[in-house]
>>> print(open('data.cif').read())   # mmCIF, C-alpha atoms
data_my_file
#
loop_
_atom_site.label_atom_id
_atom_site.label_comp_id
_atom_site.auth_asym_id
_atom_site.auth_seq_id
_atom_site.Cartn_x
_atom_site.Cartn_y
_atom_site.Cartn_z
CA MET A 1 -45.79 -5.31 -1.56
CA TRP A 2 -43.08 -6.61 -3.91
CA LYS A 3 -43.25 -3.43 -6.00
CA LEU A 4 -42.74 -1.28 -2.92
CA LEU A 5 -39.82 -3.44 -1.77
CA ASP A 6 -38.30 -3.24 -5.27
CA LYS A 7 -38.43 0.56 -5.15
CA ILE A 8 -36.91 0.74 -1.66
CA ILE A 9 -34.04 -1.60 -2.54
CA PHE A 10 -33.46 0.14 -5.87
CA LEU A 11 -33.19 3.51 -4.11
CA PHE A 12 -30.66 1.91 -1.77
CA ASN A 13 -28.76 0.14 -4.57
CA LEU A 14 -28.54 3.11 -6.95
CA PRO A 15 -26.08 5.21 -4.89
CA ILE A 16 -24.03 2.07 -4.24
CA MET A 17 -23.68 1.46 -7.98
CA ALA A 18 -22.90 5.13 -8.57
CA GLY A 19 -20.34 5.07 -5.76
CA LEU A 20 -18.70 1.95 -7.19
CA ALA A 21 -18.48 3.55 -10.63
CA GLY A 22 -16.99 6.65 -8.99
CA ALA A 23 -14.44 4.51 -7.17
CA TYR A 24 -13.23 3.12 -10.51
CA CYS A 25 -12.49 6.72 -11.55
CA ALA A 26 -10.28 7.39 -8.51
CA SER A 27 -7.15 6.18 -10.31
CA PHE A 28 -7.65 8.58 -13.20
CA ILE A 29 -8.73 11.82 -11.50
CA ASP A 30 -6.21 13.95 -9.63
CA PRO A 31 -7.70 14.67 -6.17
CA GLU A 32 -6.49 18.24 -6.54
CA VAL A 33 -8.94 18.57 -9.43
CA LEU A 34 -11.82 16.61 -7.88
CA ALA A 35 -11.58 15.04 -4.42
CA LEU A 36 -14.74 12.88 -4.32
CA PRO A 37 -13.44 9.95 -6.44
CA SER A 38 -10.39 9.60 -4.18
CA LEU A 39 -12.71 9.17 -1.19
CA LEU A 40 -14.89 6.67 -3.07
CA GLY A 41 -11.73 4.76 -3.98
CA LEU A 42 -11.03 4.24 -0.28
CA ALA A 43 -14.54 2.77 0.10
CA TYR A 44 -14.22 0.45 -2.92
CA PRO A 45 -14.15 -2.92 -1.06
CA TYR A 46 -17.24 -2.03 0.95
CA LEU A 47 -19.13 -0.72 -2.07
CA LEU A 48 -18.26 -3.89 -3.97
CA ILE A 49 -19.47 -6.15 -1.16
CA ALA A 50 -22.71 -4.17 -0.81
CA ASN A 51 -23.34 -4.37 -4.55
CA LEU A 52 -22.71 -8.13 -4.63
CA CYS A 53 -24.99 -8.68 -1.62
CA LEU A 54 -27.87 -7.00 -3.46
CA LEU A 55 -27.34 -8.87 -6.75
CA PRO A 56 -29.09 -12.12 -5.62
CA TYR A 57 -32.22 -10.13 -4.79
CA TRP A 58 -32.49 -8.74 -8.31
CA ILE A 59 -31.78 -12.15 -9.82
CA PHE A 60 -34.49 -13.68 -7.62
CA ARG A 61 -36.91 -10.96 -8.67
CA TRP A 62 -35.90 -11.51 -12.32
CA LYS A 63 -35.47 -7.77 -12.84
CA ARG A 64 -33.38 -5.98 -15.45
CA THR A 65 -31.68 -4.16 -12.57
CA ALA A 66 -29.67 -7.36 -12.09
CA TRP A 67 -27.89 -6.67 -15.39
CA ALA A 68 -27.00 -3.13 -14.27
CA VAL A 69 -25.64 -4.38 -10.94
CA LEU A 70 -23.69 -7.16 -12.67
CA THR A 71 -22.30 -4.82 -15.33
CA VAL A 72 -21.03 -2.29 -12.78
CA THR A 73 -19.44 -5.13 -10.82
CA LEU A 74 -17.74 -6.71 -13.85
CA LEU A 75 -16.33 -3.35 -14.95
CA GLY A 76 -14.25 -3.48 -11.77
CA ILE A 77 -12.42 -6.75 -12.51
CA PRO A 78 -9.11 -4.92 -13.19
CA ALA A 79 -9.50 -3.12 -9.84
CA PHE A 80 -10.31 -6.39 -8.07
CA THR A 81 -7.08 -8.02 -9.27
CA THR A 82 -5.09 -5.30 -7.51
CA TYR A 83 -6.74 -6.24 -4.21
CA TYR A 84 -6.86 -10.02 -4.57
CA GLY A 85 -3.96 -12.00 -6.00
CA THR A 86 -4.75 -14.80 -8.44
CA ALA A 87 -1.27 -16.05 -9.32
CA ARG A 88 -0.74 -19.80 -9.59
CA VAL A 89 1.03 -21.72 -6.84
CA GLN A 90 4.57 -22.62 -7.92
CA ASP A 91 5.93 -26.09 -7.29
CA ARG A 92 9.39 -24.85 -6.44
CA GLU A 93 11.03 -21.52 -5.80
CA PRO A 94 12.54 -20.18 -9.04
CA LYS A 95 15.97 -18.62 -9.21
CA ALA A 96 16.26 -14.87 -8.77
CA ASP A 97 18.86 -12.15 -9.28
CA LEU A 98 17.59 -9.92 -6.48
CA SER A 99 15.43 -10.43 -3.41
CA VAL A 100 13.98 -7.56 -1.40
CA LEU A 101 11.78 -7.05 1.65
CA SER A 102 9.78 -3.88 2.38
CA TYR A 103 8.51 -3.17 5.89
CA ASN A 104 7.05 -0.25 7.80
CA VAL A 105 8.60 -1.06 11.19
CA ARG A 106 6.74 1.62 13.20
CA TYR A 107 9.89 2.95 14.89
CA PHE A 108 10.81 -0.57 16.07
CA ASP A 109 7.98 -0.32 18.62
CA ALA A 110 9.96 2.35 20.46
CA TYR A 111 6.83 3.62 22.22
CA GLY A 112 5.52 0.23 23.27
CA TRP A 113 2.38 0.22 21.09
CA SER A 114 2.40 -3.56 20.86
CA ASN A 115 2.25 -3.97 24.66
CA ASP A 116 4.96 -6.61 24.34
CA LYS A 117 8.40 -5.64 25.61
CA ASN A 118 9.99 -8.26 23.34
CA THR A 119 8.52 -6.94 20.07
CA SER A 120 11.63 -4.93 19.17
CA SER A 121 13.93 -7.93 19.69
CA LYS A 122 11.59 -10.15 17.69
CA LEU A 123 11.57 -7.61 14.87
CA PHE A 124 15.36 -7.45 14.69
CA GLY A 125 15.50 -11.23 14.80
CA TYR A 126 13.04 -11.45 11.92
CA LEU A 127 14.99 -8.98 9.76
CA ASN A 128 18.35 -10.65 10.42
CA ALA A 129 16.87 -14.06 9.64
CA TYR A 130 15.63 -12.90 6.23
CA ARG A 131 17.83 -14.57 3.64
CA GLY A 132 17.41 -12.02 0.88
CA ASP A 133 19.63 -9.23 -0.37
CA LEU A 134 17.95 -6.05 0.79
CA ILE A 135 15.46 -4.63 3.26
CA CYS A 136 13.66 -1.33 2.73
CA LEU A 137 12.34 0.13 5.97
CA GLN A 138 9.82 2.92 6.56
CA GLU A 139 9.06 4.77 9.81
CA PHE A 140 12.70 4.32 10.73
CA ASN A 141 12.90 7.91 12.00
CA LEU A 142 15.96 7.90 14.21
CA LYS A 143 18.14 11.01 14.55
CA PRO A 144 21.14 10.70 12.18
CA GLY A 145 24.27 9.70 14.05
CA SER A 146 22.41 9.31 17.35
CA PRO A 147 23.21 6.48 19.76
CA GLU A 148 19.76 5.03 19.00
CA GLU A 149 20.51 4.89 15.28
CA GLN A 150 23.91 3.34 15.87
CA THR A 151 22.29 0.72 18.10
CA VAL A 152 19.85 -0.21 15.34
CA VAL A 153 22.67 -0.45 12.79
CA LYS A 154 24.60 -2.78 15.11
CA ARG A 155 21.53 -4.92 15.80
CA LEU A 156 21.00 -5.38 12.06
CA HIS A 157 24.43 -6.97 11.98
CA THR A 158 23.78 -9.29 9.02
CA TYR A 159 23.64 -6.28 6.67
CA PRO A 160 27.10 -4.74 6.16
CA TYR A 161 25.83 -1.81 4.05
CA HIS A 162 23.13 0.73 4.73
CA TYR A 163 21.77 4.16 3.84
CA ILE A 164 19.40 6.11 6.11
CA HIS A 165 17.63 9.42 5.61
CA GLY A 166 14.47 10.80 7.14
CA THR A 167 11.95 8.07 7.90
CA THR A 168 13.36 5.62 5.36
CA ALA A 169 16.32 3.24 5.34
CA ILE A 170 17.89 0.61 3.10
CA PHE A 171 20.02 -2.18 4.55
CA SER A 172 21.91 -4.32 2.08
CA ARG A 173 24.04 -7.44 1.79
CA ARG A 174 25.24 -6.09 -1.56
CA LYS A 175 27.65 -3.19 -1.85
CA ILE A 176 25.92 0.16 -2.39
CA LEU A 177 27.47 1.97 -5.36
CA ARG A 178 25.63 5.27 -4.99
CA HIS A 179 22.89 6.71 -2.80
CA ASP A 180 20.85 9.88 -2.38
CA TYR A 181 17.49 11.12 -1.14
CA LEU A 182 14.41 12.82 -2.57
CA THR A 183 13.43 16.27 -1.35
CA PHE A 184 9.74 16.99 -0.76
CA PRO A 185 8.08 20.31 0.19
CA ALA A 186 8.66 21.29 3.81
CA THR A 187 4.92 21.12 4.57
CA HIS A 188 4.76 17.48 3.42
CA ARG A 189 5.47 14.45 5.57
CA ALA A 190 7.06 12.20 3.01
CA ALA A 191 10.49 10.66 2.57
CA GLY A 192 12.31 8.78 -0.13
CA ILE A 193 15.81 7.44 -0.72
CA TYR A 194 17.49 5.38 -3.41
CA CYS A 195 20.59 3.26 -3.85
CA ASP A 196 22.31 1.84 -6.91
CA LEU A 197 23.43 -1.77 -6.52
CA LYS A 198 25.18 -4.26 -8.76
CA THR A 199 23.55 -7.57 -9.59
CA ALA A 200 25.15 -10.40 -11.55
CA LYS A 201 23.62 -9.06 -14.78
CA ASP A 202 23.11 -5.32 -14.34
CA THR A 203 22.97 -2.32 -12.02
CA VAL A 204 19.61 -1.76 -10.32
CA ARG A 205 18.29 1.38 -8.62
CA LEU A 206 16.33 0.60 -5.44
CA TYR A 207 13.94 3.13 -3.87
CA SER A 208 12.46 3.10 -0.38
CA VAL A 209 9.63 5.64 0.00
CA HIS A 210 7.16 6.64 2.68
CA LEU A 211 4.31 8.87 1.52
CA GLU A 212 2.00 11.18 3.41
CA SER A 213 -0.19 9.58 6.07
CA PHE A 214 -3.71 10.77 6.87
CA ARG A 215 -2.36 12.50 10.01
CA LEU A 216 -5.39 11.37 11.98
CA GLY A 217 -5.39 12.83 15.47
CA GLU A 218 -7.01 11.53 18.62
CA LYS A 219 -10.27 13.24 17.69
CA GLU A 220 -10.55 11.46 14.34
CA ARG A 221 -9.44 8.11 15.76
CA ALA A 222 -11.97 8.35 18.57
CA PHE A 223 -14.67 9.18 16.03
CA MET A 224 -13.80 6.07 13.98
CA LYS A 225 -14.22 3.91 17.07
CA GLU A 226 -17.47 5.61 18.13
CA ILE A 227 -19.23 5.12 14.80
CA GLY A 228 -19.90 1.47 15.54
CA GLN A 229 -21.12 2.27 19.06
CA GLY A 230 -23.76 4.76 17.94
CA ILE A 231 -23.44 8.54 18.10
CA ASN A 232 -25.92 11.39 17.72
CA GLY A 233 -26.51 13.38 14.54
CA ASN A 234 -24.43 16.41 15.53
CA GLN A 235 -21.46 14.28 16.52
CA LEU A 236 -21.73 12.32 13.28
CA SER A 237 -21.84 15.51 11.18
CA ASP A 238 -18.88 17.16 12.93
CA GLY A 239 -16.82 13.97 13.02
CA THR A 240 -17.48 13.22 9.36
CA ARG A 241 -16.50 16.74 8.32
CA HIS A 242 -13.20 16.60 10.22
CA LEU A 243 -12.42 13.11 8.91
CA ILE A 244 -13.15 14.03 5.27
CA ALA A 245 -10.94 17.11 5.57
CA ARG A 246 -8.04 14.97 6.82
CA LEU A 247 -8.52 12.32 4.12
CA THR A 248 -8.88 14.85 1.31
CA GLY A 249 -5.83 16.87 2.37
CA ALA A 250 -3.63 13.77 2.53
CA ASN A 251 -4.90 12.51 -0.84
CA LYS A 252 -3.93 15.81 -2.47
CA ARG A 253 -0.45 15.89 -0.93
CA ARG A 254 0.22 12.28 -1.94
CA ALA A 255 -0.77 13.09 -5.51
CA ARG A 256 1.98 15.74 -5.64
CA GLN A 257 4.48 13.38 -4.03
CA ALA A 258 3.58 10.65 -6.52
CA ALA A 259 4.23 13.00 -9.44
CA GLN A 260 7.63 13.86 -8.02
CA ILE A 261 8.58 10.21 -7.50
CA HIS A 262 7.40 9.26 -10.99
CA SER A 263 9.50 12.04 -12.52
CA HIS A 264 12.59 10.92 -10.60
CA ILE A 265 12.12 7.30 -11.68
CA ALA A 266 11.71 8.37 -15.32
CA HIS A 267 15.26 9.77 -15.24
CA SER A 268 16.86 6.68 -13.70
CA PRO A 269 19.72 5.30 -15.83
CA HIS A 270 19.07 1.82 -14.42
CA PRO A 271 16.15 -0.60 -14.02
CA VAL A 272 14.16 0.34 -10.93
CA VAL A 273 12.76 -1.51 -7.92
CA LEU A 274 10.55 0.70 -5.78
CA CYS A 275 9.46 -0.37 -2.30
CA GLY A 276 7.42 1.55 0.17
CA ASP A 277 4.43 2.54 2.19
CA PHE A 278 2.23 4.68 -0.08
CA ASN A 279 -0.49 5.15 2.58
CA ASP A 280 -2.91 4.71 -0.32
CA THR A 281 -4.80 1.89 -1.98
CA PRO A 282 -4.31 0.35 -5.44
CA LEU A 283 -7.47 2.19 -6.56
CA SER A 284 -5.89 5.60 -6.10
CA TYR A 285 -4.38 8.31 -8.25
CA THR A 286 -1.19 8.03 -6.18
CA TYR A 287 -0.71 4.36 -7.00
CA ARG A 288 -1.46 4.79 -10.71
CA GLU A 289 0.88 7.79 -11.02
CA ILE A 290 3.83 5.99 -9.41
CA LYS A 291 3.12 2.66 -11.10
CA ASN A 292 2.96 4.25 -14.56
CA GLY A 293 5.65 2.37 -16.52
CA LEU A 294 6.28 -0.13 -13.70
CA LYS A 295 4.92 -3.55 -12.78
CA ASP A 296 3.44 -4.62 -9.44
CA ALA A 297 5.00 -7.75 -7.89
CA PHE A 298 1.74 -8.55 -6.08
CA ILE A 299 -0.28 -8.58 -9.31
CA GLU A 300 2.36 -10.80 -10.93
CA CYS A 301 2.87 -13.33 -8.14
CA GLY A 302 0.57 -12.56 -5.20
CA ARG A 303 -2.18 -14.83 -3.97
CA GLY A 304 -5.24 -14.09 -1.87
CA ILE A 305 -6.06 -10.91 0.01
CA GLY A 306 -3.18 -8.49 -0.24
CA ASN A 307 -3.91 -6.17 2.70
CA THR A 308 -0.75 -4.93 4.41
CA TYR A 309 -2.05 -2.49 7.03
CA ILE A 310 -3.26 -4.03 10.29
CA GLY A 311 -3.76 -0.96 12.48
CA GLU A 312 -6.97 0.37 13.98
CA LEU A 313 -8.30 1.78 10.69
CA PRO A 314 -9.72 -0.43 7.90
CA SER A 315 -7.10 -2.73 6.43
CA PHE A 316 -5.95 -2.14 2.85
CA ARG A 317 -2.99 -2.93 0.64
CA ILE A 318 -0.89 0.22 1.04
CA ASP A 319 2.64 -1.28 0.88
CA TYR A 320 4.10 -2.10 -2.51
CA ILE A 321 7.02 -3.55 -4.44
CA LEU A 322 7.05 -2.19 -8.00
CA HIS A 323 9.69 -2.72 -10.66
CA SER A 324 10.76 -1.86 -14.21
CA PRO A 325 9.62 -4.08 -17.11
CA ARG A 326 13.26 -5.11 -17.59
CA LEU A 327 12.80 -7.13 -14.41
CA LYS A 328 10.24 -9.79 -13.59
CA ALA A 329 8.89 -10.82 -10.19
CA VAL A 330 9.18 -14.60 -9.76
CA SER A 331 7.72 -14.72 -6.24
CA TYR A 332 5.85 -12.49 -3.81
CA LEU A 333 4.95 -13.06 -0.18
CA ARG A 334 3.11 -11.08 2.46
CA ASP A 335 4.48 -12.26 5.81
CA THR A 336 1.78 -12.25 8.50
CA VAL A 337 4.06 -11.42 11.42
CA THR A 338 2.69 -8.79 13.80
CA PHE A 339 5.71 -6.83 15.00
CA SER A 340 4.29 -3.59 13.57
CA ASP A 341 0.97 -2.20 12.34
CA HIS A 342 1.98 -3.31 8.84
CA TYR A 343 2.78 -6.71 7.38
CA PRO A 344 6.18 -7.01 5.67
CA ILE A 345 6.14 -7.90 1.99
CA ARG A 346 8.90 -9.51 -0.02
CA ALA A 347 9.62 -10.33 -3.62
CA ARG A 348 12.26 -12.10 -5.67
CA LEU A 349 13.10 -10.68 -9.06
CA CYS A 350 15.12 -11.68 -12.08
CA HIS A 351 16.24 -9.95 -15.24
CA ILE A 352 13.73 -10.50 -17.98
CA SER A 353 16.17 -12.34 -20.26
CA ASP A 354 16.68 -14.96 -17.52
CA SER A 355 13.02 -15.51 -16.66
CA HIS A 356 12.11 -17.89 -19.49
#
>>> encode(input="data.cif", output="structure tokens")
Amino acid sequence: MWKLLDKIIFLFNLPIMAGLAGAYCASFIDPEVLALPSLLGLAYPYLLIANLCLLPYWIFRWKRTAWAVLTVTLLGIPAFTTYYGTARVQDREPKADLSVLSYNVRYFDAYGWSNDKNTSSKLFGYLNAYRGDLICLQEFNLKPGSPEEQTVVKRLHTYPYHYIHGTTAIFSRRKILRHDYLTFPATHRAAGIYCDLKTAKDTVRLYSVHLESFRLGEKERAFMKEIGQGINGNQLSDGTRHLIARLTGANKRRARQAAQIHSHIAHSPHPVVLCGDFNDTPLSYTYREIKNGLKDAFIECGRGIGNTYIGELPSFRIDYILHSPRLKAVSYLRDTVTFSDHYPIRARLCHISDSH
């Protein structure tokens, strides 16, 4: 009986190990070349949990398979640190040259998704109460020069400077020296802006970006909800096919957007701070392409689970604050306020020469 059970569990465990190994490759393989790793990367946390749940069985059975399961798991330690922060708790808040908050505000709850008529007012109150220098907002999406946009600018009255374009905005308590926007292909739903600002020690270029979403329609969202309730084989096949097509298409478009952003950053004459909603996980080609040459404030100073998306789909870390090596993050915080379907994240940074 034990031999039969071993075979059954091994046949179940083998694709999980293979999937986990494939997920580790997601950062290195352009989804336009091969799409499967990018999909496995999205499933990484679940594959990891499944693998760890099966490890005690193999240890109990004293089988060599335990070493294979353990090895595949340990190979993913670098990936795990991008999902779970292990920074030490600091006794006191260190000094910083620049403090920034990044937040996907979901159109300031303009369509009443939160079912709380006071959400918009609470959100503006939260942003005005923030004591940092800058806020980078995504899903701003108000018509330039419209009364609605002017109302938002007035309500964010503690920030005397701002730059808005597309679905992104930067509001600042420091004077903006220069600003411009990134241009993406017309078929893409992405936006990016940047501003140059003076700190006490240097000039810094700040980006606020919002990359392609999965564009899930009502059909795909309904399918996601129905999976847990039980659906027949035909529905599962059709729903899975539509969902994979959406995910794969978005992964490919984000890969192109990431390459464009990385190229723009490479030509910056100043140290860079990049904030934004990537709509992709740390185990993705998009993240690795943009992060190339930059540091991640969460990895430096974050603690605990770093998930930033709190909508109806599985929660991942998809919002980031990255920066040039000439800067150092001295603190990072994910604020668990629920005025949007994202958590805001904030970081304090200093010039590297002042961090010791």
>>> residues_near_point(input="data.cif", point="(21.2, -4.5, -10.8)", cutoff="9 Å", atoms="all atoms listed in the file", output="list in words")
Asp97, Leu98, Asp196, Leu197, Lys198, Thr199, Ala200, Lys201, Asp202, Thr203, Val204, Arg205, Leu206, His270, Pro271, Val272 and His351 of chain A
>>> residues_around(input="data.cif", residues="region 169-181 of chain A", least_positions_apart="3", cutoff="6 Å", atoms="only C-alpha atoms", output="MDAnalysis selection string")
chainID A and resid 133:137 159:164 192:197
>>> write_last_selection(input="data.cif", atoms="C-alpha atoms", output="PDB file, in the coordinates of the input")
ATOM      1  CA  ASP A 133      19.630  -9.230  -0.370  1.00  0.00           C
ATOM      2  CA  LEU A 134      17.950  -6.050   0.790  1.00  0.00           C
ATOM      3  CA  ILE A 135      15.460  -4.630   3.260  1.00  0.00           C
ATOM      4  CA  CYS A 136      13.660  -1.330   2.730  1.00  0.00           C
ATOM      5  CA  LEU A 137      12.340   0.130   5.970  1.00  0.00           C
ATOM      6  CA  TYR A 159      23.640  -6.280   6.670  1.00  0.00           C
ATOM      7  CA  PRO A 160      27.100  -4.740   6.160  1.00  0.00           C
ATOM      8  CA  TYR A 161      25.830  -1.810   4.050  1.00  0.00           C
ATOM      9  CA  HIS A 162      23.130   0.730   4.730  1.00  0.00           C
ATOM     10  CA  TYR A 163      21.770   4.160   3.840  1.00  0.00           C
ATOM     11  CA  ILE A 164      19.400   6.110   6.110  1.00  0.00           C
ATOM     12  CA  GLY A 192      12.310   8.780  -0.130  1.00  0.00           C
ATOM     13  CA  ILE A 193      15.810   7.440  -0.720  1.00  0.00           C
ATOM     14  CA  TYR A 194      17.490   5.380  -3.410  1.00  0.00           C
ATOM     15  CA  CYS A 195      20.590   3.260  -3.850  1.00  0.00           C
ATOM     16  CA  ASP A 196      22.310   1.840  -6.910  1.00  0.00           C
ATOM     17  CA  LEU A 197      23.430  -1.770  -6.520  1.00  0.00           C
TER      18      LEU A 197
END
>>> resolve_selection(input="data.cif", expression="the PyMOL selection byres ((chain A and resi 209) around 7)", output="list in words")
Thr168, Ala191, Gly192, Ile193, Tyr207, Ser208, His210, Leu211, Cys275, Gly276 and Asp277 of chain A
>>> residues_near_point(input="data.cif", point="(-14.5, 1.1, -9.5)", cutoff="12 Å", atoms="only C-alpha atoms", output="count of residues only")
42
>>> resolve_selection(input="data.cif", expression="the PyMOL selection byres ((chain A and resi 109) around 10)", output="list of chain:residue names")
A:Val105, A:Arg106, A:Tyr107, A:Phe108, A:Ala110, A:Tyr111, A:Gly112, A:Trp113, A:Ser114, A:Asn115, A:Asp116, A:Lys117, A:Asn118, A:Thr119, A:Ser120, A:Ser121, A:Leu123, A:Phe339, A:Ser340, A:Asp341
>>> closest_residue(input="data.cif", among="A:Gly125, A:Gln257, A:Ser102, A:Arg334", to="Leu322 (chain A)", atoms="all atoms listed in the file")
A:Ser102
>>> axis_aligned_box(input="data.cif", around="region 237-251 of chain A", padding_each_side="3 Å", output="AutoDock Vina command-line options")
--center_x -12.7 --center_y 14.7 --center_z 6.1 --size_x 24.2 --size_y 10.8 --size_z 19.9
>>> atom_distance(input="data.cif", atom1="CA of His165 (chain A)", atom2="CA of Phe298 (chain A)")
26.7 Å
>>> atom_distance(input="data.cif", atom1="CA of Ala129 (chain A)", atom2="CA of Ser315 (chain A)")
26.7 Å
>>> atom_distance(input="data.cif", atom1="CA of Val153 (chain A)", atom2="CA of Gly311 (chain A)")
26.4 Å
>>> residues_around(input="data.cif", residues="Cys350 (chain A)", least_positions_apart="6", cutoff="6 Å", atoms="only C-alpha atoms", output="list in words")
Ala96, Asp97, Leu327 and Lys328 of chain A
>>> residues_around(input="data.cif", residues="Asn128 (chain A)", least_positions_apart="3", cutoff="7 Å", atoms="all atoms listed in the file", output="PyMOL selection string")
chain A and resi 124-125+156+158
